[in-house]
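Structure, as structure tokens:
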There are 2 protein chains.
Amino acid sequence: MNVSRKCQYALRAIYELSSRLGAGPTSVAEIASVQAIPPRFLELILRQLRQGGFVESRRGVSGGYLLSVPPRSLNVGAIIRFIDGPIGPVQCTNRNDEAFCSLEGERAFMGMWSRVRDAVAAVYDETTFQDLIDEKNATGQYVGSYCI
Amino acid sequence: MNVSRKCQYALRAIYELSSRLGAGPTSVAEIASVQAIPPRFLELILRQLRQGGFVESRRGVSGGYLLSVPPRSLNVGAIIRFIDGPIGPVQCTNRNDEAFCSLEGERAFMGMWSRVRDAVAAVYDETTFQDLIDEKNATGQYVGSYCI
DNA sequence: CCAATACCATACTAATATGATCGGAATAAT
DNA sequence: ATTATTCCGATCATATTAGTATGGTATTGG
């Protein structure tokens, strides 16, 4: 359930675009520079995010990328799932590896894995990019409370 | 923050030993068979767990492994940390990769990463192996509530 | 037009982590 | 002594990750 570096790059890129809302397209080079992301790699990531409908692109001189959704209605969980796949501590809690799940010894752990998955998903799904911007401006003192 | 397969093996092994409490040593072959774990790999894992003080070993005929701590006072978090290292969605929240953390763009995310880490750790640290045995006997209907 | 700038697509590679195995030595119960 | 078992160090194999390379195609300002 680790968030891959690629995904962290994606999140930072989206965050950067969120903070530049309404300022026209931002180039890959600009985002890469500000967020310290390998430019070619970022190009790859942004293309993928575009195919997922999270960003739009403008070609040509003074082109770049724009957020295609307001930061308030875009949450972190959507990006993480899109880049890294299902959220959860083990494959077992992600509906596909049934063979693995059916293992006798695994049954005792299923409840715990589910609780972890739900707790993590709750945090990611309830954190929008607007929240991230707000939180940063509040110098990171805010600590939310999440119950499952 | 994914729990590696190796770690899942370790947890299942400890769980198996927990359920056989007071029944003398259990051999690697026996545990491997019941829990469907590659035997040689399990051997490696149990040795490691022994060095961590979680289990004891008896050599020779009718030897094997025993839990060295009562299941009630051994929690899942301890095993996961021992096998997989610090719990957390990114390296950044584990006090060592300061260079990575100090990155300007990462600041906005720190609060979220911390909340995820704490939520996950809470579940793991509050689940003992006795809980797992109880939960299984209760046919897995139990769903706990965890707040941070 | 045309040259600069940006996006697009695929393939490739290097490094790292993970998962698992091997051969044999030490130990202890019978 | 024999046999079942743990113990030890090394090694292999594979998958994933992270990032690069190459070679385009589209758009726009001048």
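Please note that chains go A, B, ... in the order of the structure tokens, that every chain numbers its residues from 1, and that ligands are numbered from 1 in the order shown.
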
Exercise. Using only C-alpha atoms (C1' of nucleotides), determine which residues lie at most 8 Å from Arg59 (chain A), disregarding the query and same-chain residues fewer than 5 positions distant; provide the list as a PyMOL selection string.
Key: (chain A and resi 64) or (chain C and resi 6-7) or (chain D and resi 26-27)

Please dump the current selection as a PDB file, in the first residue's frame; keep N, CA and C atoms (P, O5', C5', C4', C3', O3' and C1' of nucleotides).
ATOM      1  N   GLY A  64       0.776  23.994 -22.167  1.00  0.00           N
ATOM      2  CA  GLY A  64       1.038  23.335 -20.891  1.00  0.00           C
ATOM      3  C   GLY A  64      -0.180  22.583 -20.401  1.00  0.00           C
TER       4      GLY A  64
ATOM      5  P    DA C   6       8.093  25.143 -23.716  1.00  0.00           P
ATOM      6  O5'  DA C   6       6.922  24.111 -24.018  1.00  0.00           O
ATOM      7  C5'  DA C   6       5.623  24.602 -24.297  1.00  0.00           C
ATOM      8  C4'  DA C   6       4.787  23.498 -24.887  1.00  0.00           C
ATOM      9  C3'  DA C   6       4.857  22.198 -24.087  1.00  0.00           C
ATOM     10  O3'  DA C   6       3.602  21.863 -23.517  1.00  0.00           O
ATOM     11  C1'  DA C   6       5.102  21.808 -26.431  1.00  0.00           C
ATOM     12  P    DC C   7       3.492  20.528 -22.642  1.00  0.00           P
ATOM     13  O5'  DC C   7       2.853  19.470 -23.648  1.00  0.00           O
ATOM     14  C5'  DC C   7       1.538  19.681 -24.135  1.00  0.00           C
ATOM     15  C4'  DC C   7       1.286  18.734 -25.299  1.00  0.00           C
ATOM     16  C3'  DC C   7       1.029  17.287 -24.880  1.00  0.00           C
ATOM     17  O3'  DC C   7      -0.098  16.782 -25.589  1.00  0.00           O
ATOM     18  C1'  DC C   7       2.768  17.373 -26.479  1.00  0.00           C
TER      19       DC C   7
ATOM     20  P    DA D  26      -0.157  15.246 -36.351  1.00  0.00           P
ATOM     21  O5'  DA D  26      -0.350  16.530 -35.444  1.00  0.00           O
ATOM     22  C5'  DA D  26      -0.922  16.373 -34.152  1.00  0.00           C
ATOM     23  C4'  DA D  26      -0.775  17.653 -33.370  1.00  0.00           C
ATOM     24  C3'  DA D  26      -1.369  18.884 -34.049  1.00  0.00           C
ATOM     25  O3'  DA D  26      -2.261  19.497 -33.121  1.00  0.00           O
ATOM     26  C1'  DA D  26       0.846  19.322 -33.317  1.00  0.00           C
ATOM     27  P    DT D  27      -3.220  20.628 -33.603  1.00  0.00           P
ATOM     28  O5'  DT D  27      -2.428  21.914 -33.100  1.00  0.00           O
ATOM     29  C5'  DT D  27      -2.025  21.949 -31.729  1.00  0.00           C
ATOM     30  C4'  DT D  27      -1.260  23.215 -31.441  1.00  0.00           C
ATOM     31  C3'  DT D  27      -1.828  24.473 -32.091  1.00  0.00           C
ATOM     32  O3'  DT D  27      -2.066  25.393 -31.048  1.00  0.00           O
ATOM     33  C1'  DT D  27       0.519  24.340 -32.417  1.00  0.00           C
TER      34       DT D  27
END

Each residue of chain B with at least one atom at most 12 Å from chain C should appear once, together with its nearest atom pair and the corresponding distance in Å (one decimal); atoms considered: only C-alpha atoms (C1' of nucleotides); ordering: chain, then increasing residue number; output as a Markdown table.
| residue | atom | partner | partner_atom | distance |
| --- | --- | --- | --- | --- |
| B:Val3 | CA | C:DT18 | C1' | 11.7 |
| B:Ser4 | CA | C:DT18 | C1' | 8.2 |
| B:Arg5 | CA | C:DG19 | C1' | 8.1 |
| B:Lys6 | CA | C:DG19 | C1' | 7.7 |
| B:Cys7 | CA | C:DT18 | C1' | 11.3 |
| B:Tyr9 | CA | C:DG19 | C1' | 11.4 |
| B:Ile37 | CA | C:DA20 | C1' | 10.7 |
| B:Pro38 | CA | C:DA20 | C1' | 7.8 |
| B:Pro39 | CA | C:DA20 | C1' | 9.6 |
| B:Arg40 | CA | C:DT21 | C1' | 7.1 |
| B:Phe41 | CA | C:DA20 | C1' | 6.0 |
| B:Leu42 | CA | C:DA20 | C1' | 9.7 |
| B:Glu43 | CA | C:DA20 | C1' | 11.1 |
| B:Leu44 | CA | C:DA20 | C1' | 10.0 |
| B:Ile45 | CA | C:DA20 | C1' | 11.4 |
| B:Ser57 | CA | C:DT27 | C1' | 11.6 |
| B:Arg58 | CA | C:DA28 | C1' | 8.8 |
| B:Arg59 | CA | C:DT27 | C1' | 5.8 |
| B:Gly60 | CA | C:DA28 | C1' | 4.2 |
| B:Val61 | CA | C:DA29 | C1' | 5.5 |
| B:Ser62 | CA | C:DA29 | C1' | 7.4 |
| B:Gly63 | CA | C:DA28 | C1' | 8.4 |
| B:Gly64 | CA | C:DA28 | C1' | 11.7 |
| B:Asp84 | CA | C:DT18 | C1' | 11.3 |

Could you write out the selected residues, including C-alpha atoms, as a PDB file, in the first residue's frame?
ATOM      1  CA  VAL B   3       2.563  -5.700   3.902  1.00  0.00           C
ATOM      2  CA  SER B   4       5.043  -7.927   2.064  1.00  0.00           C
ATOM      3  CA  ARG B   5       4.284 -11.556   1.457  1.00  0.00           C
ATOM      4  CA  LYS B   6       7.177 -12.461   3.703  1.00  0.00           C
ATOM      5  CA  CYS B   7       5.559 -10.510   6.492  1.00  0.00           C
ATOM      6  CA  TYR B   9       3.970 -15.495   6.204  1.00  0.00           C
ATOM      7  CA  ILE B  37       4.105 -21.381   3.138  1.00  0.00           C
ATOM      8  CA  PRO B  38       7.231 -22.401   1.164  1.00  0.00           C
ATOM      9  CA  PRO B  39       9.130 -24.413   3.822  1.00  0.00           C
ATOM     10  CA  ARG B  40      12.641 -23.166   3.201  1.00  0.00           C
ATOM     11  CA  PHE B  41      11.444 -19.606   3.115  1.00  0.00           C
ATOM     12  CA  LEU B  42       9.554 -20.096   6.356  1.00  0.00           C
ATOM     13  CA  GLU B  43      12.709 -21.480   7.917  1.00  0.00           C
ATOM     14  CA  LEU B  44      14.414 -18.193   7.122  1.00  0.00           C
ATOM     15  CA  ILE B  45      11.542 -16.195   8.533  1.00  0.00           C
ATOM     16  CA  SER B  57      13.483 -22.802  19.113  1.00  0.00           C
ATOM     17  CA  ARG B  58      14.231 -26.353  20.168  1.00  0.00           C
ATOM     18  CA  ARG B  59      16.734 -28.229  18.030  1.00  0.00           C
ATOM     19  CA  GLY B  60      16.868 -31.916  17.287  1.00  0.00           C
ATOM     20  CA  VAL B  61      14.184 -34.554  16.967  1.00  0.00           C
ATOM     21  CA  SER B  62      10.716 -33.366  17.954  1.00  0.00           C
ATOM     22  CA  GLY B  63      12.114 -29.873  18.031  1.00  0.00           C
ATOM     23  CA  GLY B  64      10.553 -26.846  16.490  1.00  0.00           C
ATOM     24  CA  ASP B  84       8.932  -4.842   6.954  1.00  0.00           C
TER      25      ASP B  84
END

Same-sequence superposition of chain B onto chain A, all C-alpha, as a PDB file with C-alpha atoms, in the first residue's frame:
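Listed below is the output, part.pdb:
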ATOM      1  CA  MET B   1      -0.103   0.119   0.267  1.00  0.00           C
ATOM      2  CA  ASN B   2       2.967   2.254  -0.128  1.00  0.00           C
ATOM      3  CA  VAL B   3       2.425   5.252  -2.297  1.00  0.00           C
ATOM      4  CA  SER B   4       4.937   4.935  -5.140  1.00  0.00           C
ATOM      5  CA  ARG B   5       7.259   7.767  -5.976  1.00  0.00           C
ATOM      6  CA  LYS B   6       5.536   8.096  -9.316  1.00  0.00           C
ATOM      7  CA  CYS B   7       2.267   8.642  -7.523  1.00  0.00           C
ATOM      8  CA  GLN B   8       3.807  11.201  -5.202  1.00  0.00           C
ATOM      9  CA  TYR B   9       5.016  13.037  -8.288  1.00  0.00           C
ATOM     10  CA  ALA B  10       1.509  12.923  -9.703  1.00  0.00           C
ATOM     11  CA  LEU B  11       0.054  14.308  -6.484  1.00  0.00           C
ATOM     12  CA  ARG B  12       2.599  17.113  -6.339  1.00  0.00           C
ATOM     13  CA  ALA B  13       1.914  17.962  -9.981  1.00  0.00           C
ATOM     14  CA  ILE B  14      -1.817  18.131  -9.392  1.00  0.00           C
ATOM     15  CA  TYR B  15      -1.200  20.146  -6.269  1.00  0.00           C
ATOM     16  CA  GLU B  16       0.933  22.578  -8.237  1.00  0.00           C
ATOM     17  CA  LEU B  17      -1.753  22.950 -10.889  1.00  0.00           C
ATOM     18  CA  SER B  18      -4.324  23.466  -8.145  1.00  0.00           C
ATOM     19  CA  SER B  19      -2.349  26.339  -6.708  1.00  0.00           C
ATOM     20  CA  ARG B  20      -2.133  27.946 -10.155  1.00  0.00           C
ATOM     21  CA  LEU B  21      -5.813  27.736 -10.885  1.00  0.00           C
ATOM     22  CA  GLY B  22      -7.004  30.245 -13.476  1.00  0.00           C
ATOM     23  CA  ALA B  23      -3.484  31.259 -14.483  1.00  0.00           C
ATOM     24  CA  GLY B  24      -3.435  29.531 -17.879  1.00  0.00           C
ATOM     25  CA  PRO B  25      -1.524  26.389 -18.837  1.00  0.00           C
ATOM     26  CA  THR B  26       1.625  25.417 -16.949  1.00  0.00           C
ATOM     27  CA  SER B  27       4.386  23.632 -18.841  1.00  0.00           C
ATOM     28  CA  VAL B  28       5.891  20.349 -17.795  1.00  0.00           C
ATOM     29  CA  ALA B  29       9.278  22.042 -17.410  1.00  0.00           C
ATOM     30  CA  GLU B  30       7.847  24.597 -15.006  1.00  0.00           C
ATOM     31  CA  ILE B  31       6.137  22.038 -12.804  1.00  0.00           C
ATOM     32  CA  ALA B  32       9.172  19.786 -12.892  1.00  0.00           C
ATOM     33  CA  SER B  33      11.403  22.638 -11.827  1.00  0.00           C
ATOM     34  CA  VAL B  34       9.245  23.886  -8.967  1.00  0.00           C
ATOM     35  CA  GLN B  35       8.441  20.427  -7.616  1.00  0.00           C
ATOM     36  CA  ALA B  36      11.841  18.856  -8.298  1.00  0.00           C
ATOM     37  CA  ILE B  37      10.513  16.046 -10.478  1.00  0.00           C
ATOM     38  CA  PRO B  38      12.522  14.450 -13.327  1.00  0.00           C
ATOM     39  CA  PRO B  39      11.036  16.272 -16.358  1.00  0.00           C
ATOM     40  CA  ARG B  40      10.748  13.387 -18.779  1.00  0.00           C
ATOM     41  CA  PHE B  41       9.196  11.219 -16.132  1.00  0.00           C
ATOM     42  CA  LEU B  42       6.720  13.946 -15.263  1.00  0.00           C
ATOM     43  CA  GLU B  43       5.809  14.204 -18.924  1.00  0.00           C
ATOM     44  CA  LEU B  44       4.815  10.551 -18.823  1.00  0.00           C
ATOM     45  CA  ILE B  45       2.812  11.034 -15.662  1.00  0.00           C
ATOM     46  CA  LEU B  46       0.907  14.078 -16.894  1.00  0.00           C
ATOM     47  CA  ARG B  47       0.012  12.325 -20.093  1.00  0.00           C
ATOM     48  CA  GLN B  48      -1.389   9.492 -18.032  1.00  0.00           C
ATOM     49  CA  LEU B  49      -3.335  11.897 -15.833  1.00  0.00           C
ATOM     50  CA  ARG B  50      -4.741  13.477 -18.964  1.00  0.00           C
ATOM     51  CA  GLN B  51      -6.025  10.153 -20.199  1.00  0.00           C
ATOM     52  CA  GLY B  52      -7.686   9.749 -16.833  1.00  0.00           C
ATOM     53  CA  GLY B  53      -9.475  13.059 -17.303  1.00  0.00           C
ATOM     54  CA  PHE B  54      -7.832  14.803 -14.358  1.00  0.00           C
ATOM     55  CA  VAL B  55      -5.990  17.403 -16.418  1.00  0.00           C
ATOM     56  CA  GLU B  56      -6.242  18.981 -19.867  1.00  0.00           C
ATOM     57  CA  SER B  57      -3.404  19.885 -22.171  1.00  0.00           C
ATOM     58  CA  ARG B  58      -2.674  22.695 -24.591  1.00  0.00           C
ATOM     59  CA  ARG B  59      -0.069  21.967 -27.245  1.00  0.00           C
ATOM     60  CA  GLY B  60       2.340  24.359 -28.868  1.00  0.00           C
ATOM     61  CA  VAL B  61       4.064  27.482 -27.624  1.00  0.00           C
ATOM     62  CA  SER B  62       2.860  28.668 -24.224  1.00  0.00           C
ATOM     63  CA  GLY B  63       1.024  25.397 -23.915  1.00  0.00           C
ATOM     64  CA  GLY B  64       1.025  23.151 -20.928  1.00  0.00           C
ATOM     65  CA  TYR B  65      -1.377  21.515 -18.516  1.00  0.00           C
ATOM     66  CA  LEU B  66      -4.454  22.704 -16.679  1.00  0.00           C
ATOM     67  CA  LEU B  67      -6.572  21.168 -13.983  1.00  0.00           C
ATOM     68  CA  SER B  68      -9.824  20.004 -15.534  1.00  0.00           C
ATOM     69  CA  VAL B  69     -11.656  19.781 -12.215  1.00  0.00           C
ATOM     70  CA  PRO B  70     -11.898  22.302  -9.358  1.00  0.00           C
ATOM     71  CA  PRO B  71      -9.478  21.444  -6.497  1.00  0.00           C
ATOM     72  CA  ARG B  72     -12.389  21.323  -4.088  1.00  0.00           C
ATOM     73  CA  SER B  73     -13.961  18.384  -5.873  1.00  0.00           C
ATOM     74  CA  LEU B  74     -10.810  16.417  -6.585  1.00  0.00           C
ATOM     75  CA  ASN B  75      -9.577  14.167  -3.814  1.00  0.00           C
ATOM     76  CA  VAL B  76      -6.266  12.470  -3.255  1.00  0.00           C
ATOM     77  CA  GLY B  77      -7.756   8.983  -3.256  1.00  0.00           C
ATOM     78  CA  ALA B  78      -8.839   9.270  -6.869  1.00  0.00           C
ATOM     79  CA  ILE B  79      -5.291  10.045  -8.003  1.00  0.00           C
ATOM     80  CA  ILE B  80      -3.709   7.336  -5.881  1.00  0.00           C
ATOM     81  CA  ARG B  81      -6.093   4.690  -7.190  1.00  0.00           C
ATOM     82  CA  PHE B  82      -5.561   5.853 -10.757  1.00  0.00           C
ATOM     83  CA  ILE B  83      -1.771   5.717 -10.572  1.00  0.00           C
ATOM     84  CA  ASP B  84      -1.079   2.964  -8.051  1.00  0.00           C
ATOM     85  CA  GLY B  85      -4.207   0.855  -8.251  1.00  0.00           C
ATOM     86  CA  PRO B  86      -6.492  -0.256  -5.427  1.00  0.00           C
ATOM     87  CA  ILE B  87      -5.777   0.987  -1.915  1.00  0.00           C
ATOM     88  CA  GLY B  88      -5.116  -1.692   0.665  1.00  0.00           C
ATOM     89  CA  PRO B  89      -2.356  -3.388   2.668  1.00  0.00           C
ATOM     90  CA  VAL B  90      -2.614  -6.704   0.807  1.00  0.00           C
ATOM     91  CA  GLN B  91      -3.871  -7.884  -2.582  1.00  0.00           C
ATOM     92  CA  CYS B  92      -6.375  -9.987  -0.751  1.00  0.00           C
ATOM     93  CA  THR B  93      -8.641  -7.102   0.170  1.00  0.00           C
ATOM     94  CA  ASN B  94      -8.798  -5.996  -3.452  1.00  0.00           C
ATOM     95  CA  ARG B  95     -11.467  -8.041  -5.126  1.00  0.00           C
ATOM     96  CA  ASN B  96      -9.505 -10.088  -7.596  1.00  0.00           C
ATOM     97  CA  ASP B  97      -7.031 -12.382  -5.958  1.00  0.00           C
ATOM     98  CA  GLU B  98      -9.698 -14.721  -4.672  1.00  0.00           C
ATOM     99  CA  ALA B  99      -7.410 -17.745  -4.731  1.00  0.00           C
ATOM    100  CA  PHE B 100      -5.107 -16.088  -2.281  1.00  0.00           C
ATOM    101  CA  CYS B 101      -7.985 -14.981  -0.092  1.00  0.00           C
ATOM    102  CA  SER B 102      -9.584 -18.357   0.143  1.00  0.00           C
ATOM    103  CA  LEU B 103      -6.538 -19.646   1.939  1.00  0.00           C
ATOM    104  CA  GLU B 104      -7.545 -21.079   5.262  1.00  0.00           C
ATOM    105  CA  GLY B 105      -4.864 -19.294   7.250  1.00  0.00           C
ATOM    106  CA  GLU B 106      -5.659 -15.928   5.743  1.00  0.00           C
ATOM    107  CA  ARG B 107      -9.201 -15.867   7.074  1.00  0.00           C
ATOM    108  CA  ALA B 108      -8.214 -14.696  10.531  1.00  0.00           C
ATOM    109  CA  PHE B 109      -6.539 -11.622   9.059  1.00  0.00           C
ATOM    110  CA  MET B 110      -9.238 -10.460   6.672  1.00  0.00           C
ATOM    111  CA  GLY B 111     -10.999  -8.293   9.218  1.00  0.00           C
ATOM    112  CA  MET B 112      -7.809  -6.500  10.113  1.00  0.00           C
ATOM    113  CA  TRP B 113      -6.796  -5.937   6.498  1.00  0.00           C
ATOM    114  CA  SER B 114     -10.213  -4.508   5.794  1.00  0.00           C
ATOM    115  CA  ARG B 115     -10.063  -2.143   8.735  1.00  0.00           C
ATOM    116  CA  VAL B 116      -6.689  -0.868   7.595  1.00  0.00           C
ATOM    117  CA  ARG B 117      -7.863  -0.435   4.029  1.00  0.00           C
ATOM    118  CA  ASP B 118     -10.955   1.465   5.128  1.00  0.00           C
ATOM    119  CA  ALA B 119      -9.030   3.714   7.497  1.00  0.00           C
ATOM    120  CA  VAL B 120      -6.505   4.621   4.818  1.00  0.00           C
ATOM    121  CA  ALA B 121      -9.116   5.117   2.115  1.00  0.00           C
ATOM    122  CA  ALA B 122     -11.110   7.363   4.443  1.00  0.00           C
ATOM    123  CA  VAL B 123      -8.176   9.719   4.863  1.00  0.00           C
ATOM    124  CA  TYR B 124      -7.338   9.826   1.166  1.00  0.00           C
ATOM    125  CA  ASP B 125     -10.914  10.139  -0.006  1.00  0.00           C
ATOM    126  CA  GLU B 126     -11.704  12.950   2.411  1.00  0.00           C
ATOM    127  CA  THR B 127      -8.668  15.001   1.507  1.00  0.00           C
ATOM    128  CA  THR B 128      -9.198  17.307  -1.470  1.00  0.00           C
ATOM    129  CA  PHE B 129      -6.484  19.340  -3.119  1.00  0.00           C
ATOM    130  CA  GLN B 130      -8.156  22.443  -1.785  1.00  0.00           C
ATOM    131  CA  ASP B 131      -7.663  20.975   1.689  1.00  0.00           C
ATOM    132  CA  LEU B 132      -3.974  20.556   0.962  1.00  0.00           C
ATOM    133  CA  ILE B 133      -3.643  24.181  -0.081  1.00  0.00           C
ATOM    134  CA  ASP B 134      -5.545  25.335   2.986  1.00  0.00           C
ATOM    135  CA  GLU B 135      -3.542  23.099   5.264  1.00  0.00           C
ATOM    136  CA  LYS B 136      -0.256  24.398   3.950  1.00  0.00           C
ATOM    137  CA  ASN B 137      -1.340  28.005   4.426  1.00  0.00           C
ATOM    138  CA  ALA B 138      -2.271  27.159   7.995  1.00  0.00           C
ATOM    139  CA  THR B 139       1.396  26.167   8.494  1.00  0.00           C
ATOM    140  CA  GLY B 140       0.465  22.551   8.918  1.00  0.00           C
ATOM    141  CA  GLN B 141      -0.970  22.800  12.415  1.00  0.00           C
ATOM    142  CA  TYR B 142      -4.271  21.280  11.459  1.00  0.00           C
ATOM    143  CA  VAL B 143      -4.861  17.723  12.509  1.00  0.00           C
ATOM    144  CA  GLY B 144      -8.111  16.191  11.429  1.00  0.00           C
ATOM    145  CA  SER B 145     -10.077  13.442  13.087  1.00  0.00           C
ATOM    146  CA  TYR B 146     -11.186  10.409  11.158  1.00  0.00           C
ATOM    147  CA  CYS B 147     -13.291   7.596  12.488  1.00  0.00           C
ATOM    148  CA  ILE B 148     -14.430   4.378  10.883  1.00  0.00           C
TER     149      ILE B 148
END

Exercise. Mind listing the alpha helix (DSSP H) residues of chain B, per DSSP on the backbone, as a ChimeraX atom specification?
Key: /B:5-19,28-35,39-51,76-84,98-101,107-125,129-137

Quiz prompt | DSSP strand (DSSP E or B) residues within region 1-111 of chain A, as a ChimeraX atom specification | solution = /A:26,55-58,64-67,75

Serialized selection, N, CA, C and O atoms, as a PDB file, in the first residue's frame:
ATOM      1  N   THR A  26       0.305  25.567 -17.475  1.00  0.00           N
ATOM      2  CA  THR A  26       1.649  25.503 -16.918  1.00  0.00           C
ATOM      3  C   THR A  26       2.432  24.412 -17.642  1.00  0.00           C
ATOM      4  O   THR A  26       1.939  23.301 -17.809  1.00  0.00           O
ATOM      5  N   VAL A  55      -6.523  16.164 -15.950  1.00  0.00           N
ATOM      6  CA  VAL A  55      -5.971  17.424 -16.447  1.00  0.00           C
ATOM      7  C   VAL A  55      -6.245  17.558 -17.944  1.00  0.00           C
ATOM      8  O   VAL A  55      -6.531  16.575 -18.619  1.00  0.00           O
ATOM      9  N   GLU A  56      -6.135  18.792 -18.423  1.00  0.00           N
ATOM     10  CA  GLU A  56      -6.220  19.047 -19.850  1.00  0.00           C
ATOM     11  C   GLU A  56      -4.891  19.607 -20.317  1.00  0.00           C
ATOM     12  O   GLU A  56      -4.108  20.102 -19.514  1.00  0.00           O
ATOM     13  N   SER A  57      -4.671  19.542 -21.631  1.00  0.00           N
ATOM     14  CA  SER A  57      -3.413  20.083 -22.148  1.00  0.00           C
ATOM     15  C   SER A  57      -3.665  21.097 -23.255  1.00  0.00           C
ATOM     16  O   SER A  57      -4.674  21.032 -23.958  1.00  0.00           O
ATOM     17  N   ARG A  58      -2.754  22.035 -23.350  1.00  0.00           N
ATOM     18  CA  ARG A  58      -2.759  23.010 -24.465  1.00  0.00           C
ATOM     19  C   ARG A  58      -1.415  22.890 -25.164  1.00  0.00           C
ATOM     20  O   ARG A  58      -0.368  22.993 -24.519  1.00  0.00           O
ATOM     21  N   GLY A  64       0.776  23.994 -22.167  1.00  0.00           N
ATOM     22  CA  GLY A  64       1.038  23.335 -20.891  1.00  0.00           C
ATOM     23  C   GLY A  64      -0.180  22.583 -20.401  1.00  0.00           C
ATOM     24  O   GLY A  64      -1.054  22.225 -21.188  1.00  0.00           O
ATOM     25  N   TYR A  65      -0.224  22.372 -19.113  1.00  0.00           N
ATOM     26  CA  TYR A  65      -1.335  21.616 -18.531  1.00  0.00           C
ATOM     27  C   TYR A  65      -2.195  22.468 -17.620  1.00  0.00           C
ATOM     28  O   TYR A  65      -1.710  23.423 -16.996  1.00  0.00           O
ATOM     29  N   LEU A  66      -3.480  22.092 -17.562  1.00  0.00           N
ATOM     30  CA  LEU A  66      -4.426  22.743 -16.667  1.00  0.00           C
ATOM     31  C   LEU A  66      -5.228  21.685 -15.939  1.00  0.00           C
ATOM     32  O   LEU A  66      -5.503  20.614 -16.491  1.00  0.00           O
ATOM     33  N   LEU A  67      -5.646  22.020 -14.738  1.00  0.00           N
ATOM     34  CA  LEU A  67      -6.543  21.158 -14.001  1.00  0.00           C
ATOM     35  C   LEU A  67      -7.904  21.176 -14.689  1.00  0.00           C
ATOM     36  O   LEU A  67      -8.402  22.241 -15.041  1.00  0.00           O
ATOM     37  N   ASN A  75     -10.211  14.599  -5.093  1.00  0.00           N
ATOM     38  CA  ASN A  75      -9.565  14.103  -3.875  1.00  0.00           C
ATOM     39  C   ASN A  75      -8.354  13.236  -4.182  1.00  0.00           C
ATOM     40  O   ASN A  75      -8.188  12.719  -5.284  1.00  0.00           O
TER      41      ASN A  75
END
